[in-house]
>>> print(open('coords-v4.pdb').read())   # PDB, C-alpha atoms
ATOM      1  CA  MET F   1      72.381  68.731  86.789  1.00  0.00           C
ATOM      2  CA  SER F   2      71.914  70.836  83.660  1.00  0.00           C
ATOM      3  CA  ALA F   3      69.403  73.012  85.554  1.00  0.00           C
ATOM      4  CA  PHE F   4      72.056  73.636  88.192  1.00  0.00           C
ATOM      5  CA  HIS F   5      74.680  74.519  85.589  1.00  0.00           C
ATOM      6  CA  ASP F   6      72.254  76.879  83.833  1.00  0.00           C
ATOM      7  CA  ALA F   7      71.460  78.592  87.133  1.00  0.00           C
ATOM      8  CA  ALA F   8      75.142  78.870  88.018  1.00  0.00           C
ATOM      9  CA  ARG F   9      75.910  80.437  84.641  1.00  0.00           C
ATOM     10  CA  ARG F  10      73.131  82.986  85.119  1.00  0.00           C
ATOM     11  CA  LEU F  11      74.511  83.897  88.540  1.00  0.00           C
ATOM     12  CA  GLN F  12      77.917  84.493  87.010  1.00  0.00           C
ATOM     13  CA  SER F  13      76.549  86.447  84.059  1.00  0.00           C
ATOM     14  CA  GLY F  14      76.075  89.680  85.987  1.00  0.00           C
ATOM     15  CA  ASP F  15      72.260  89.670  85.758  1.00  0.00           C
ATOM     16  CA  ASP F  16      71.131  90.764  89.217  1.00  0.00           C
ATOM     17  CA  ASP F  17      67.522  89.812  88.449  1.00  0.00           C
ATOM     18  CA  ALA F  18      68.590  86.162  88.124  1.00  0.00           C
ATOM     19  CA  ILE F  19      70.056  85.858  91.629  1.00  0.00           C
ATOM     20  CA  ALA F  20      66.948  84.753  93.510  1.00  0.00           C
ATOM     21  CA  THR F  21      65.273  82.854  90.669  1.00  0.00           C
ATOM     22  CA  ALA F  22      68.357  80.655  90.258  1.00  0.00           C
ATOM     23  CA  PHE F  23      67.521  78.929  93.554  1.00  0.00           C
ATOM     24  CA  VAL F  24      63.872  78.298  92.628  1.00  0.00           C
ATOM     25  CA  ASP F  25      64.846  76.886  89.238  1.00  0.00           C
ATOM     26  CA  VAL F  26      67.105  74.255  90.812  1.00  0.00           C
ATOM     27  CA  LEU F  27      65.660  73.383  94.222  1.00  0.00           C
ATOM     28  CA  PRO F  28      62.257  72.161  95.514  1.00  0.00           C
ATOM     29  CA  ILE F  29      61.347  75.499  97.065  1.00  0.00           C
ATOM     30  CA  SER F  30      58.556  78.014  96.492  1.00  0.00           C
ATOM     31  CA  GLY F  31      60.423  81.286  96.978  1.00  0.00           C
ATOM     32  CA  ALA F  32      63.776  82.854  97.728  1.00  0.00           C
ATOM     33  CA  ALA F  33      65.001  86.191  99.009  1.00  0.00           C
ATOM     34  CA  LEU F  34      68.452  87.668  99.612  1.00  0.00           C
ATOM     35  CA  SER F  35      69.235  90.362 102.158  1.00  0.00           C
ATOM     36  CA  THR F  36      72.307  92.179 103.336  1.00  0.00           C
ATOM     37  CA  LEU F  37      72.465  92.039 107.124  1.00  0.00           C
ATOM     38  CA  GLY F  38      74.458  94.434 109.260  1.00  0.00           C
ATOM     39  CA  PRO F  39      77.697  96.183 108.334  1.00  0.00           C
ATOM     40  CA  PRO F  40      79.243  97.143 106.025  1.00  0.00           C
ATOM     41  CA  PHE F  41      76.317  97.527 103.602  1.00  0.00           C
ATOM     42  CA  GLY F  42      73.443  97.815 106.043  1.00  0.00           C
ATOM     43  CA  SER F  43      70.359  95.620 106.400  1.00  0.00           C
ATOM     44  CA  SER F  44      67.884  95.444 103.539  1.00  0.00           C
ATOM     45  CA  VAL F  45      66.172  93.039 101.164  1.00  0.00           C
ATOM     46  CA  ILE F  46      68.019  93.261  97.864  1.00  0.00           C
ATOM     47  CA  THR F  47      66.143  90.773  95.667  1.00  0.00           C
ATOM     48  CA  ALA F  48      63.372  88.186  95.908  1.00  0.00           C
ATOM     49  CA  THR F  49      61.448  85.890  93.611  1.00  0.00           C
ATOM     50  CA  ASP F  50      58.040  87.170  94.713  1.00  0.00           C
ATOM     51  CA  PRO F  51      56.360  89.644  97.093  1.00  0.00           C
ATOM     52  CA  LYS F  52      55.639  86.986  99.727  1.00  0.00           C
ATOM     53  CA  SER F  53      59.316  86.012  99.976  1.00  0.00           C
ATOM     54  CA  ALA F  54      60.350  89.658 100.026  1.00  0.00           C
ATOM     55  CA  GLU F  55      57.883  90.385 102.845  1.00  0.00           C
ATOM     56  CA  SER F  56      59.210  87.443 104.846  1.00  0.00           C
ATOM     57  CA  ASP F  57      62.806  88.608 104.528  1.00  0.00           C
ATOM     58  CA  GLU F  58      61.712  92.137 105.394  1.00  0.00           C
ATOM     59  CA  GLN F  59      60.406  90.782 108.699  1.00  0.00           C
ATOM     60  CA  GLN F  60      63.860  89.413 109.467  1.00  0.00           C
ATOM     61  CA  VAL F  61      65.471  92.735 108.585  1.00  0.00           C
ATOM     62  CA  LEU F  62      63.038  94.769 110.685  1.00  0.00           C
ATOM     63  CA  LEU F  63      63.191  92.447 113.700  1.00  0.00           C
ATOM     64  CA  GLY F  64      66.965  92.024 113.610  1.00  0.00           C
ATOM     65  CA  GLU F  65      66.582  88.279 114.134  1.00  0.00           C
ATOM     66  CA  GLY F  66      65.703  85.183 112.198  1.00  0.00           C
ATOM     67  CA  PRO F  67      67.244  82.277 110.324  1.00  0.00           C
ATOM     68  CA  GLY F  68      69.212  84.550 108.007  1.00  0.00           C
ATOM     69  CA  TRP F  69      70.870  86.331 110.917  1.00  0.00           C
ATOM     70  CA  SER F  70      71.660  82.994 112.561  1.00  0.00           C
ATOM     71  CA  ALA F  71      73.127  81.559 109.354  1.00  0.00           C
ATOM     72  CA  LEU F  72      75.351  84.597 108.922  1.00  0.00           C
ATOM     73  CA  ARG F  73      76.473  84.578 112.544  1.00  0.00           C
ATOM     74  CA  ARG F  74      77.278  80.861 112.477  1.00  0.00           C
ATOM     75  CA  ARG F  75      78.634  80.975 108.911  1.00  0.00           C
ATOM     76  CA  SER F  76      76.672  77.778 108.227  1.00  0.00           C
ATOM     77  CA  PRO F  77      73.187  76.865 106.936  1.00  0.00           C
ATOM     78  CA  VAL F  78      70.119  77.013 109.170  1.00  0.00           C
ATOM     79  CA  LEU F  79      67.592  74.349 108.182  1.00  0.00           C
ATOM     80  CA  VAL F  80      64.085  74.628 109.600  1.00  0.00           C
ATOM     81  CA  TYR F  81      61.951  72.150 107.703  1.00  0.00           C
ATOM     82  CA  ASP F  82      58.941  72.647 109.976  1.00  0.00           C
ATOM     83  CA  LEU F  83      58.273  76.107 111.403  1.00  0.00           C
ATOM     84  CA  SER F  84      55.673  74.690 113.781  1.00  0.00           C
ATOM     85  CA  THR F  85      58.415  72.973 115.772  1.00  0.00           C
ATOM     86  CA  GLY F  86      61.981  73.797 116.791  1.00  0.00           C
ATOM     87  CA  GLY F  87      63.692  75.964 119.349  1.00  0.00           C
ATOM     88  CA  ASP F  88      63.160  79.563 120.366  1.00  0.00           C
ATOM     89  CA  GLU F  89      66.341  81.168 119.080  1.00  0.00           C
ATOM     90  CA  TRP F  90      64.337  83.827 117.227  1.00  0.00           C
ATOM     91  CA  PRO F  91      60.760  83.709 118.602  1.00  0.00           C
ATOM     92  CA  SER F  92      59.535  86.993 117.136  1.00  0.00           C
ATOM     93  CA  ALA F  93      60.756  86.178 113.655  1.00  0.00           C
ATOM     94  CA  LYS F  94      59.362  82.649 113.863  1.00  0.00           C
ATOM     95  CA  ALA F  95      55.938  83.979 114.820  1.00  0.00           C
ATOM     96  CA  ALA F  96      56.023  86.473 111.953  1.00  0.00           C
ATOM     97  CA  LEU F  97      57.152  83.817 109.468  1.00  0.00           C
ATOM     98  CA  ARG F  98      54.420  81.432 110.563  1.00  0.00           C
ATOM     99  CA  GLU F  99      51.825  84.088 109.767  1.00  0.00           C
ATOM    100  CA  THR F 100      53.050  84.236 106.161  1.00  0.00           C
ATOM    101  CA  GLY F 101      51.956  80.637 105.647  1.00  0.00           C
ATOM    102  CA  TRP F 102      55.350  79.077 104.966  1.00  0.00           C
ATOM    103  CA  ALA F 103      55.775  75.534 106.256  1.00  0.00           C
ATOM    104  CA  GLY F 104      59.568  75.623 106.440  1.00  0.00           C
ATOM    105  CA  LEU F 105      62.665  77.436 105.282  1.00  0.00           C
ATOM    106  CA  LEU F 106      66.409  77.165 104.801  1.00  0.00           C
ATOM    107  CA  SER F 107      68.896  80.017 105.206  1.00  0.00           C
ATOM    108  CA  PHE F 108      72.439  80.060 103.840  1.00  0.00           C
ATOM    109  CA  PRO F 109      75.068  82.684 104.659  1.00  0.00           C
ATOM    110  CA  LEU F 110      76.297  85.007 101.944  1.00  0.00           C
ATOM    111  CA  SER F 111      80.035  85.254 102.573  1.00  0.00           C
ATOM    112  CA  VAL F 112      83.172  85.693 100.480  1.00  0.00           C
ATOM    113  CA  GLY F 113      86.108  84.457 102.494  1.00  0.00           C
ATOM    114  CA  THR F 114      85.926  86.298 105.809  1.00  0.00           C
ATOM    115  CA  PHE F 115      83.690  88.974 104.308  1.00  0.00           C
ATOM    116  CA  ASP F 116      80.132  88.497 105.652  1.00  0.00           C
ATOM    117  CA  LEU F 117      77.351  90.108 103.622  1.00  0.00           C
ATOM    118  CA  GLY F 118      73.984  88.663 104.573  1.00  0.00           C
ATOM    119  CA  ALA F 119      71.913  85.589 103.835  1.00  0.00           C
ATOM    120  CA  VAL F 120      69.681  83.922 101.277  1.00  0.00           C
ATOM    121  CA  THR F 121      66.536  82.335 102.680  1.00  0.00           C
ATOM    122  CA  LEU F 122      64.672  79.658 100.742  1.00  0.00           C
ATOM    123  CA  TYR F 123      60.979  79.409 101.563  1.00  0.00           C
ATOM    124  CA  ARG F 124      58.873  76.234 101.313  1.00  0.00           C
ATOM    125  CA  PHE F 125      55.227  75.141 101.566  1.00  0.00           C
ATOM    126  CA  ASP F 126      56.140  71.566 102.543  1.00  0.00           C
ATOM    127  CA  THR F 127      58.247  70.039 105.291  1.00  0.00           C
ATOM    128  CA  ASP F 128      60.083  67.278 103.404  1.00  0.00           C
ATOM    129  CA  PRO F 129      63.855  67.428 104.028  1.00  0.00           C
ATOM    130  CA  LEU F 130      66.116  68.178 101.086  1.00  0.00           C
ATOM    131  CA  ALA F 131      68.557  65.520  99.913  1.00  0.00           C
ATOM    132  CA  THR F 132      72.258  65.946 100.625  1.00  0.00           C
ATOM    133  CA  GLY F 133      72.959  66.694  96.971  1.00  0.00           C
ATOM    134  CA  GLN F 134      70.305  69.405  96.928  1.00  0.00           C
ATOM    135  CA  LEU F 135      71.798  71.027 100.018  1.00  0.00           C
ATOM    136  CA  ASP F 136      75.210  70.959  98.353  1.00  0.00           C
ATOM    137  CA  GLU F 137      73.752  72.667  95.273  1.00  0.00           C
ATOM    138  CA  ALA F 138      72.090  75.300  97.459  1.00  0.00           C
ATOM    139  CA  ALA F 139      75.398  76.008  99.218  1.00  0.00           C
ATOM    140  CA  LEU F 140      77.236  76.343  95.890  1.00  0.00           C
ATOM    141  CA  LEU F 141      74.591  78.695  94.532  1.00  0.00           C
ATOM    142  CA  ALA F 142      74.848  80.743  97.737  1.00  0.00           C
ATOM    143  CA  ARG F 143      78.613  81.127  97.189  1.00  0.00           C
ATOM    144  CA  LEU F 144      78.036  82.378  93.643  1.00  0.00           C
ATOM    145  CA  ALA F 145      75.216  84.642  94.814  1.00  0.00           C
ATOM    146  CA  ALA F 146      77.491  86.152  97.476  1.00  0.00           C
ATOM    147  CA  LEU F 147      79.905  87.280  94.753  1.00  0.00           C
ATOM    148  CA  ARG F 148      77.030  88.875  92.816  1.00  0.00           C
ATOM    149  CA  VAL F 149      75.777  90.644  95.952  1.00  0.00           C
ATOM    150  CA  LEU F 150      79.278  91.861  96.766  1.00  0.00           C
ATOM    151  CA  SER F 151      79.722  93.136  93.215  1.00  0.00           C
ATOM    152  CA  SER F 152      76.397  94.997  93.258  1.00  0.00           C
ATOM    153  CA  ALA F 153      76.990  96.504  96.693  1.00  0.00           C
ATOM    154  CA  THR F 154      80.479  97.667  95.783  1.00  0.00           C
ATOM    155  CA  ARG F 155      79.190  99.146  92.525  1.00  0.00           C
ATOM    156  CA  ASP F 156      76.579 101.111  94.478  1.00  0.00           C
ATOM    157  CA  VAL F 157      79.326 102.386  96.777  1.00  0.00           C
ATOM    158  CA  GLU F 158      81.399 103.573  93.841  1.00  0.00           C
ATOM    159  CA  ASP F 159      78.353 105.285  92.316  1.00  0.00           C
ATOM    160  CA  GLY F 160      78.381 107.827  95.102  1.00  0.00           C
ATOM    161  CA  ARG F 161      78.209 106.260  98.515  1.00  0.00           C
ATOM    162  CA  THR F 162      81.913 105.833  99.213  1.00  0.00           C
ATOM    163  CA  PRO F 163      83.190 107.796 102.250  1.00  0.00           C
ATOM    164  CA  PRO F 164      85.608 110.548 101.161  1.00  0.00           C
ATOM    165  CA  SER F 165      88.430 108.998 103.194  1.00  0.00           C
ATOM    166  CA  VAL F 166      88.265 105.756 101.245  1.00  0.00           C
ATOM    167  CA  SER F 167      89.950 105.446  97.866  1.00  0.00           C
ATOM    168  CA  VAL F 168      88.690 102.330  96.115  1.00  0.00           C
ATOM    169  CA  SER F 169      87.979 103.751  92.680  1.00  0.00           C
ATOM    170  CA  GLN F 170      91.424 103.360  91.143  1.00  0.00           C
ATOM    171  CA  PRO F 171      92.752  99.860  91.807  1.00  0.00           C
ATOM    172  CA  SER F 172      96.256 100.091  90.432  1.00  0.00           C
ATOM    173  CA  GLY F 173      99.818  99.656  91.530  1.00  0.00           C
ATOM    174  CA  ARG F 174     102.226  96.872  92.312  1.00  0.00           C
ATOM    175  CA  HIS F 175     100.957  96.259  95.861  1.00  0.00           C
ATOM    176  CA  VAL F 176      97.341  95.898  94.757  1.00  0.00           C
ATOM    177  CA  HIS F 177      98.371  93.539  91.964  1.00  0.00           C
ATOM    178  CA  GLN F 178     100.403  91.404  94.371  1.00  0.00           C
ATOM    179  CA  ALA F 179      97.635  91.361  96.985  1.00  0.00           C
ATOM    180  CA  THR F 180      95.101  90.363  94.345  1.00  0.00           C
ATOM    181  CA  GLY F 181      97.223  87.355  93.499  1.00  0.00           C
ATOM    182  CA  MET F 182      97.391  86.377  97.161  1.00  0.00           C
ATOM    183  CA  VAL F 183      93.595  86.608  97.541  1.00  0.00           C
ATOM    184  CA  ILE F 184      93.215  84.436  94.420  1.00  0.00           C
ATOM    185  CA  ALA F 185      95.367  81.814  96.128  1.00  0.00           C
ATOM    186  CA  GLN F 186      93.519  82.149  99.450  1.00  0.00           C
ATOM    187  CA  LEU F 187      89.972  81.872  98.135  1.00  0.00           C
ATOM    188  CA  GLY F 188      90.246  80.305  94.679  1.00  0.00           C
ATOM    189  CA  LEU F 189      88.642  83.313  92.978  1.00  0.00           C
ATOM    190  CA  THR F 190      89.168  84.901  89.582  1.00  0.00           C
ATOM    191  CA  PRO F 191      91.351  88.049  89.428  1.00  0.00           C
ATOM    192  CA  ASP F 192      88.279  90.294  89.094  1.00  0.00           C
ATOM    193  CA  GLU F 193      86.576  88.631  92.050  1.00  0.00           C
ATOM    194  CA  ALA F 194      89.703  88.849  94.210  1.00  0.00           C
ATOM    195  CA  LEU F 195      90.054  92.549  93.457  1.00  0.00           C
ATOM    196  CA  LEU F 196      86.385  93.009  94.321  1.00  0.00           C
ATOM    197  CA  VAL F 197      87.005  91.463  97.748  1.00  0.00           C
ATOM    198  CA  LEU F 198      89.898  93.873  98.346  1.00  0.00           C
ATOM    199  CA  ARG F 199      87.813  96.869  97.317  1.00  0.00           C
ATOM    200  CA  ALA F 200      84.913  95.835  99.539  1.00  0.00           C
ATOM    201  CA  ARG F 201      87.254  95.358 102.508  1.00  0.00           C
ATOM    202  CA  ALA F 202      88.664  98.843 101.908  1.00  0.00           C
ATOM    203  CA  PHE F 203      85.165 100.302 102.049  1.00  0.00           C
ATOM    204  CA  ALA F 204      84.199  98.280 105.112  1.00  0.00           C
ATOM    205  CA  ASP F 205      87.356  99.278 107.037  1.00  0.00           C
ATOM    206  CA  GLY F 206      87.348 102.901 105.872  1.00  0.00           C
ATOM    207  CA  GLN F 207      90.878 102.607 104.500  1.00  0.00           C
ATOM    208  CA  PRO F 208      92.496 103.247 101.115  1.00  0.00           C
ATOM    209  CA  LEU F 209      92.795 100.242  98.841  1.00  0.00           C
ATOM    210  CA  HIS F 210      96.593 100.317  98.964  1.00  0.00           C
ATOM    211  CA  ALA F 211      96.486 100.009 102.781  1.00  0.00           C
ATOM    212  CA  ILE F 212      94.372  96.855 102.551  1.00  0.00           C
ATOM    213  CA  ALA F 213      96.718  95.498  99.883  1.00  0.00           C
ATOM    214  CA  GLU F 214      99.716  96.086 102.138  1.00  0.00           C
ATOM    215  CA  GLY F 215      97.920  94.311 104.983  1.00  0.00           C
ATOM    216  CA  VAL F 216      97.402  91.261 102.775  1.00  0.00           C
ATOM    217  CA  ILE F 217     101.006  91.262 101.564  1.00  0.00           C
ATOM    218  CA  GLU F 218     102.310  91.568 105.115  1.00  0.00           C
ATOM    219  CA  ARG F 219      99.886  88.810 106.189  1.00  0.00           C
ATOM    220  CA  ARG F 220      98.056  90.991 108.673  1.00  0.00           C
ATOM    221  CA  ILE F 221      94.900  90.319 106.638  1.00  0.00           C
ATOM    222  CA  ASP F 222      93.993  86.803 105.559  1.00  0.00           C
ATOM    223  CA  PHE F 223      90.564  86.317 104.016  1.00  0.00           C
ATOM    224  CA  ARG F 224      90.552  82.660 105.051  1.00  0.00           C
ATOM    225  CA  ASP F 225      90.790  83.494 108.757  1.00  0.00           C
ATOM    226  CA  PRO F 226      88.122  85.673 110.444  1.00  0.00           C
ATOM    227  CA  GLY F 227      90.520  86.159 113.370  1.00  0.00           C
ATOM    228  CA  THR F 228      92.989  88.224 111.371  1.00  0.00           C
ATOM    229  CA  THR F 229      92.672  92.009 111.486  1.00  0.00           C
ATOM    230  CA  ASP F 230      94.741  94.822 110.124  1.00  0.00           C
ATOM    231  CA  SER F 231      96.870  95.798 113.121  1.00  0.00           C
ATOM    232  CA  ALA F 232      97.189  99.365 111.885  1.00  0.00           C
ATOM    233  CA  GLN F 233      93.408  99.685 111.987  1.00  0.00           C
ATOM    234  CA  GLU F 234      93.288  98.241 115.493  1.00  0.00           C
ATOM    235  CA  GLU F 235      95.888 100.742 116.689  1.00  0.00           C
ATOM    236  CA  GLU F 236      93.761 103.593 115.357  1.00  0.00           C
ATOM    237  CA  ARG F 237      90.860 102.306 117.456  1.00  0.00           C
TER
END
>>> encode(input="coords-v4.pdb", output="C-alpha cells")
Amino acid sequence: MSAFHDAARRLQSGDDDAIATAFVDVLPISGAALSTLGPPFGSSVITATDPKSAESDEQQVLLGEGPGWSALRRRSPVLVYDLSTGGDEWPSAKAALRETGWAGLLSFPLSVGTFDLGAVTLYRFDTDPLATGQLDEAALLARLAALRVLSSATRDVEDGRTPPSVSVSQPSGRHVHQATGMVIAQLGLTPDEALLVLRARAFADGQPLHAIAEGVIERRIDFRDPGTTDSAQEEER
C-alpha cells in the first residue's frame, strides 16, 4: 500500500516524468505508456517507461485503433491478458502488438469528468490476471494521471497554441469563481483542478472561459454527464 501512496504522491507532485513509472512501481507490469487520442489535443504518445512501450503505443496512434482507443470510447478498462486470444475488435493493432513480444496488456481511459483525453496502456510479458485490488489501484492511478495529462496539455496550449478566439489565460471574475465551485462539487476536485477542467473545456470548444463558466452556472454544462452540451455552441453549429 505504501508503494501505491508513494506513486500517487508523485503523480500529484507535478513531475511529468513520473506519470508512466508510477504504474510500473505499483503493478505487476513490464511497461506503461500514455497517449492523447483524438480531439481536443490530438493523438500522440506523451510519455512511456521505455522505448518498447512507447513504440507499442505509437502503433495504436498511427493505426487509429487498439485497446487504448476502445477504453476511451467505452470509458472503461480494456483487459487483454492474452494477446494470442480474444476478439477482432482491432485486428491491425493486435497484430502489431503481438510482434512487439508482449503477452498481454491493460488499457485504462484518461478522463476528467466528461472530458476525454486518451488512455494509459499497461504492457505485460505474462498472462496472469491482476487481482481486483490491483485493478482498483490501476484505475485510481489513471484518474490521477488524467489530471496530470490535462494540466500538461493545457499548459502547452497557453504557451502558444491557443486559438486567438479563445481566452483562457486570465481566469478571473465572479462567474468563473462560481463555476469553479460547481465543478468542485460535481467531480470532487481541488479548486485548481476544477479551474483546469474549465480552461480545457474552453479550449476544446473554442469559447472564452467566461462563456463556459456561464454554461456551468446555467446548468447547460455538467461535467458528470457526457450528454450535456452548451446550447449556445450547438446553435452556432
>>> atom_distance(input="coords-v4.pdb", atom1="atom CA of Ser56 of chain F", atom2="atom CA of Leu97 of chain F")
6.2 Å
>>> residues_around(input="coords-v4.pdb", residues="Phe108 of chain F", least_positions_apart="4", cutoff="7 Å", atoms="all atoms listed in the file", output="PDB file with C-alpha atoms, keeping the file's coordinate frame")
ATOM      1  CA  GLY F  68      69.212  84.550 108.007  1.00  0.00           C
ATOM      2  CA  ALA F  71      73.127  81.559 109.354  1.00  0.00           C
ATOM      3  CA  SER F  76      76.672  77.778 108.227  1.00  0.00           C
ATOM      4  CA  PRO F  77      73.187  76.865 106.936  1.00  0.00           C
ATOM      5  CA  VAL F  78      70.119  77.013 109.170  1.00  0.00           C
ATOM      6  CA  ALA F 119      71.913  85.589 103.835  1.00  0.00           C
ATOM      7  CA  VAL F 120      69.681  83.922 101.277  1.00  0.00           C
ATOM      8  CA  THR F 121      66.536  82.335 102.680  1.00  0.00           C
ATOM      9  CA  ALA F 139      75.398  76.008  99.218  1.00  0.00           C
ATOM     10  CA  ALA F 142      74.848  80.743  97.737  1.00  0.00           C
TER      11      ALA F 142
END
>>> axis_aligned_box(input="coords-v4.pdb", around="segment 32-48 of chain F", padding_each_side="5 Å", output="lines of an AutoDock Vina configuration file")
center_x = 71.3
center_y = 90.3
center_z = 102.5
size_x = 25.9
size_y = 25.0
size_z = 23.6
>>> resolve_selection(input="coords-v4.pdb", expression="the PyMOL selection byres ((chain F and resi 17-33) around 8)", output="PDB file with C-alpha atoms, in the coordinates of the input")
ATOM      1  CA  ALA F   3      69.403  73.012  85.554  1.00  0.00           C
ATOM      2  CA  PHE F   4      72.056  73.636  88.192  1.00  0.00           C
ATOM      3  CA  ALA F   7      71.460  78.592  87.133  1.00  0.00           C
ATOM      4  CA  ALA F   8      75.142  78.870  88.018  1.00  0.00           C
ATOM      5  CA  ARG F  10      73.131  82.986  85.119  1.00  0.00           C
ATOM      6  CA  LEU F  11      74.511  83.897  88.540  1.00  0.00           C
ATOM      7  CA  ASP F  15      72.260  89.670  85.758  1.00  0.00           C
ATOM      8  CA  ASP F  16      71.131  90.764  89.217  1.00  0.00           C
ATOM      9  CA  LEU F  34      68.452  87.668  99.612  1.00  0.00           C
ATOM     10  CA  SER F  35      69.235  90.362 102.158  1.00  0.00           C
ATOM     11  CA  VAL F  45      66.172  93.039 101.164  1.00  0.00           C
ATOM     12  CA  ILE F  46      68.019  93.261  97.864  1.00  0.00           C
ATOM     13  CA  THR F  47      66.143  90.773  95.667  1.00  0.00           C
ATOM     14  CA  ALA F  48      63.372  88.186  95.908  1.00  0.00           C
ATOM     15  CA  THR F  49      61.448  85.890  93.611  1.00  0.00           C
ATOM     16  CA  ASP F  50      58.040  87.170  94.713  1.00  0.00           C
ATOM     17  CA  LYS F  52      55.639  86.986  99.727  1.00  0.00           C
ATOM     18  CA  SER F  53      59.316  86.012  99.976  1.00  0.00           C
ATOM     19  CA  ALA F  54      60.350  89.658 100.026  1.00  0.00           C
ATOM     20  CA  ASP F  57      62.806  88.608 104.528  1.00  0.00           C
ATOM     21  CA  VAL F 120      69.681  83.922 101.277  1.00  0.00           C
ATOM     22  CA  THR F 121      66.536  82.335 102.680  1.00  0.00           C
ATOM     23  CA  LEU F 122      64.672  79.658 100.742  1.00  0.00           C
ATOM     24  CA  TYR F 123      60.979  79.409 101.563  1.00  0.00           C
ATOM     25  CA  ARG F 124      58.873  76.234 101.313  1.00  0.00           C
ATOM     26  CA  PHE F 125      55.227  75.141 101.566  1.00  0.00           C
ATOM     27  CA  LEU F 130      66.116  68.178 101.086  1.00  0.00           C
ATOM     28  CA  GLN F 134      70.305  69.405  96.928  1.00  0.00           C
ATOM     29  CA  ALA F 138      72.090  75.300  97.459  1.00  0.00           C
ATOM     30  CA  LEU F 141      74.591  78.695  94.532  1.00  0.00           C
ATOM     31  CA  ALA F 145      75.216  84.642  94.814  1.00  0.00           C
ATOM     32  CA  ARG F 148      77.030  88.875  92.816  1.00  0.00           C
TER      33      ARG F 148
END
>>> closest_residue(input="coords-v4.pdb", among="F:Asp82, F:Leu63, F:Val197, F:Thr100", to="Pro51 of chain F", atoms="all atoms listed in the file")
F:Thr100
>>> resolve_selection(input="coords-v4.pdb", expression="the PyMOL selection byres ((chain F and resi 194) around 12)", output="compact mmCIF listing (two decimals) with C-alpha atoms, in the coordinates of the input")
# COMPACT_ATOMS: atom_id res chain seq x y z
CA VAL F 112 83.17 85.69 100.48
CA GLY F 113 86.11 84.46 102.49
CA PHE F 115 83.69 88.97 104.31
CA LEU F 147 79.90 87.28 94.75
CA LEU F 150 79.28 91.86 96.77
CA SER F 151 79.72 93.14 93.22
CA PRO F 171 92.75 99.86 91.81
CA VAL F 176 97.34 95.90 94.76
CA HIS F 177 98.37 93.54 91.96
CA GLN F 178 100.40 91.40 94.37
CA ALA F 179 97.64 91.36 96.98
CA THR F 180 95.10 90.36 94.34
CA GLY F 181 97.22 87.36 93.50
CA MET F 182 97.39 86.38 97.16
CA VAL F 183 93.60 86.61 97.54
CA ILE F 184 93.22 84.44 94.42
CA ALA F 185 95.37 81.81 96.13
CA GLN F 186 93.52 82.15 99.45
CA LEU F 187 89.97 81.87 98.14
CA GLY F 188 90.25 80.31 94.68
CA LEU F 189 88.64 83.31 92.98
CA THR F 190 89.17 84.90 89.58
CA PRO F 191 91.35 88.05 89.43
CA ASP F 192 88.28 90.29 89.09
CA GLU F 193 86.58 88.63 92.05
CA LEU F 195 90.05 92.55 93.46
CA LEU F 196 86.38 93.01 94.32
CA VAL F 197 87.00 91.46 97.75
CA LEU F 198 89.90 93.87 98.35
CA ARG F 199 87.81 96.87 97.32
CA ALA F 200 84.91 95.84 99.54
CA ARG F 201 87.25 95.36 102.51
CA ALA F 213 96.72 95.50 99.88
CA VAL F 216 97.40 91.26 102.78
CA PHE F 223 90.56 86.32 104.02
>>> residues_around(input="coords-v4.pdb", residues="Thr127 of chain F", least_positions_apart="3", cutoff="7 Å", atoms="only C-alpha atoms", output="PDB file with C-alpha atoms, in the coordinates of the input")
ATOM      1  CA  TYR F  81      61.951  72.150 107.703  1.00  0.00           C
ATOM      2  CA  ASP F  82      58.941  72.647 109.976  1.00  0.00           C
ATOM      3  CA  ALA F 103      55.775  75.534 106.256  1.00  0.00           C
ATOM      4  CA  GLY F 104      59.568  75.623 106.440  1.00  0.00           C
TER       5      GLY F 104
END
>>> atom_distance(input="coords-v4.pdb", atom1="atom CA of Val61 of chain F", atom2="atom CA of Gly42 of chain F")
9.8 Å
>>> closest_residue(input="coords-v4.pdb", among="F:Leu105, F:Gly64, F:Val149, F:Leu110", to="Trp90 of chain F", atoms="only C-alpha atoms")
F:Gly64
>>> atom_distance(input="coords-v4.pdb", atom1="atom CA of Thr36 of chain F", atom2="atom CA of Ser2 of chain F")
29.0 Å
>>> closest_residue(input="coords-v4.pdb", among="F:Leu79, F:Arg74, F:Thr114, F:Asp205", to="Asp225 of chain F", atoms="only C-alpha atoms")
F:Thr114
